[in-house]
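Asks: Before we start, here is the structure in question, set down as structure tokens.
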Amino acid sequence: MVKKHSVHRFFPFYLWIVLLIVMGSCASKKDIVYFQDIEEIDKLASQVIYDPVLQPDDLLTIMVSAFDTETAIPFNLPAVAYMGTDGNAAGRAQYQTYLVDNEGEIEFPVIGTVKLGGLTRREAVVLLKNRISHYIKDPIVNIRIMNYKVTVLGEVARPGSYTIPNERITIPEALGLAGDLTVYGKRDNILIIRDKNGEKTYTRVDMTRKDMLESPYYYLQQNDVIYVEPNKAQVQSSTYNRNASVVISIASVVIALISVLTR
């Protein structure tokens with residue numbers, strides 16, 4: 001009889017433990033939903049203008065053209081074709097790239113050393129057009145960053161580095177490429193790390209508020225790193241066995257059976 005009362009005395013205790021774990025694992029709307037005050041977005045006048053800034057280690061393709069195509073030839077590096085095992089060209093020919101060195105400079109045909117680092121792409125186009133116009137009339141210059149990428153780490157579905165072909169990406173788009181945040185990611189404290197003029201800078205953005213749409217970090221720069229911090233529940237879960245919830249569930253069933261059998 002003592003044994004029966006002992007089981008009944010401890011049974012509610014185990015139920016409370018299971019209940020507390022279930023309640024602790026629940027997340028509220030304010031922790032999960034993005035842009036919760038988006039209704040006020042019509043009151044915002046966006047001041048964010050995006051134009052990528054050229055940095056050291058950027059790989060650039062620079063194409064120069066003009067009405068007289070012959071005059072533009074010296075300003076374009078020759079295209080390279082990949083050779084197959086039979087010695088014939090295989091694949092599509094690609095134009096050679098210019099590597100921006102640690103000083104922010106490139107070596108450009110005919111005009112020599114040009115410093116592009118620190119300039120926006122638009123400013124770099126204007127600079128090259130002015131220099132080239134000494135040799136040809138009305139040149140057209142097109143610049144593309146070939147190694148434009150961002151890295152997404154932490155509590156996302158698919159962490160990794162992603163190459164961006166159109167050189168324009170926002171924080172939500174980058175998170176979308178990574179499969180979005182898991183339920184364990186902190187949406188209100190996302191870290192953005194940026195290399196600016198050789199110095200590391202960072203900021204934190206809150207994806208649950210509309211204010212992040214006005215952040216200067218909303219449009220990402222090449223080589224930006226996004227880190228999604230785990231929330232409290234995920235941090236706490238790392239301190240005990242991942243199978244603890246299964247064990248607790250089995251234990252609760254066993255206790256229930258003992259309770260029924262000892263009545």
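Each chain in the structure tokens gets a letter, A, B, ..., in the order shown, and its residues are numbered from 1; ligands are numbered from 1 in order too.
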What's the 7 Å shell around Thr163 (chain A), counting only C-alpha atoms, without same-chain residues fewer than 5 positions away, as a list in words?

Replies: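 Surrounding residues, per the criterion: Asn147, Tyr148, Lys149 and Val150 of chain A.
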
Asks: Just the selected residues (N, CA and C atoms), exported as a compact mmCIF listing (two decimals), in the first residue's frame, please.

Replies:
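File out24.txt, as written:
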# COMPACT_ATOMS: atom_id res chain seq x y z
N ASN A 147 33.34 38.04 -58.32
CA ASN A 147 33.37 37.21 -57.10
C ASN A 147 32.53 37.82 -55.98
N TYR A 148 31.42 38.42 -56.35
CA TYR A 148 30.51 39.03 -55.37
C TYR A 148 29.81 37.91 -54.61
N LYS A 149 30.06 37.81 -53.32
CA LYS A 149 29.44 36.75 -52.51
C LYS A 149 29.16 37.24 -51.11
N VAL A 150 28.22 36.57 -50.45
CA VAL A 150 27.94 36.81 -49.04
C VAL A 150 27.93 35.46 -48.34

Asks: Quick one: residues within 8 Å of Ile145 (chain A), only C-alpha atoms counted, chain neighbours fewer than 4 positions away excluded, as a list of chain:residue names?

Replies: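 The filter keeps A:Asp58, A:Leu59, A:Leu60, A:Thr61, A:Glu167.
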
Asks: DSSP says helix (DSSP H, G or I) for which residues of region 100-257 of chain A? Put them as a ChimeraX atom specification?

Replies: /A:121-132,171-177,210-214,232-237,244-257

Asks: Only C-alpha atoms, please: the residues just picked out, written as a CSV table (one decimal), in the first residue's frame.

Replies:
chain,number,residue,atom,x,y,z
A,121,ARG,CA,31.0,51.0,-59.4
A,122,ARG,CA,29.4,54.1,-60.9
A,123,GLU,CA,32.3,56.3,-59.9
A,124,ALA,CA,34.8,53.7,-61.3
A,125,VAL,CA,33.0,53.8,-64.6
A,126,VAL,CA,33.2,57.6,-64.8
A,127,LEU,CA,36.9,57.5,-63.9
A,128,LEU,CA,37.7,55.0,-66.6
A,129,LYS,CA,35.6,56.8,-69.2
A,130,ASN,CA,37.5,60.0,-68.5
A,131,ARG,CA,40.9,58.4,-68.8
A,132,ILE,CA,40.0,56.4,-71.9
A,171,ILE,CA,19.4,40.8,-45.9
A,172,PRO,CA,16.0,39.0,-46.4
A,173,GLU,CA,17.2,37.7,-49.8
A,174,ALA,CA,20.4,36.4,-48.3
A,175,LEU,CA,18.5,34.6,-45.5
A,176,GLY,CA,16.1,33.2,-48.2
A,177,LEU,CA,19.1,31.7,-50.1
A,210,LYS,CA,10.4,47.7,-40.1
A,211,ASP,CA,13.4,49.9,-39.1
A,212,MET,CA,15.8,47.3,-40.6
A,213,LEU,CA,14.5,48.3,-44.0
A,214,GLU,CA,16.2,51.7,-43.5
A,232,LYS,CA,17.9,30.8,-25.4
A,233,ALA,CA,16.0,27.5,-25.9
A,234,GLN,CA,18.7,26.3,-28.3
A,235,VAL,CA,21.6,27.3,-26.1
A,236,GLN,CA,20.0,25.5,-23.1
A,237,SER,CA,19.4,22.4,-25.2
A,244,ALA,CA,16.1,14.1,-23.4
A,245,SER,CA,12.6,14.9,-24.7
A,246,VAL,CA,12.2,11.3,-26.0
A,247,VAL,CA,13.4,9.9,-22.6
A,248,ILE,CA,10.9,12.2,-20.8
A,249,SER,CA,8.1,11.1,-23.0
A,250,ILE,CA,8.8,7.4,-22.4
A,251,ALA,CA,9.2,8.0,-18.7
A,252,SER,CA,5.8,9.7,-18.6
A,253,VAL,CA,4.1,6.8,-20.3
A,254,VAL,CA,5.8,4.3,-17.9
A,255,ILE,CA,4.7,6.3,-14.9
A,256,ALA,CA,1.1,6.5,-16.2
A,257,LEU,CA,1.1,2.7,-16.7

Asks: Rank nothing, just name the residue among A:Gln55, A:Gln221, A:Thr97, A:Thr208 nearest to Lys186 (chain A), using only C-alpha atoms.

Replies: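 Looking at the shortest contact to Lys186 (chain A), the residue is A:Thr208.
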
Asks: With distances taken over only C-alpha atoms, which of A:Thr120, A:Asp188, A:Phe67, A:Asn223 is nearest to Lys200 (chain A)?

Replies: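 The closest residue to Lys200 (chain A) is A:Asn223.
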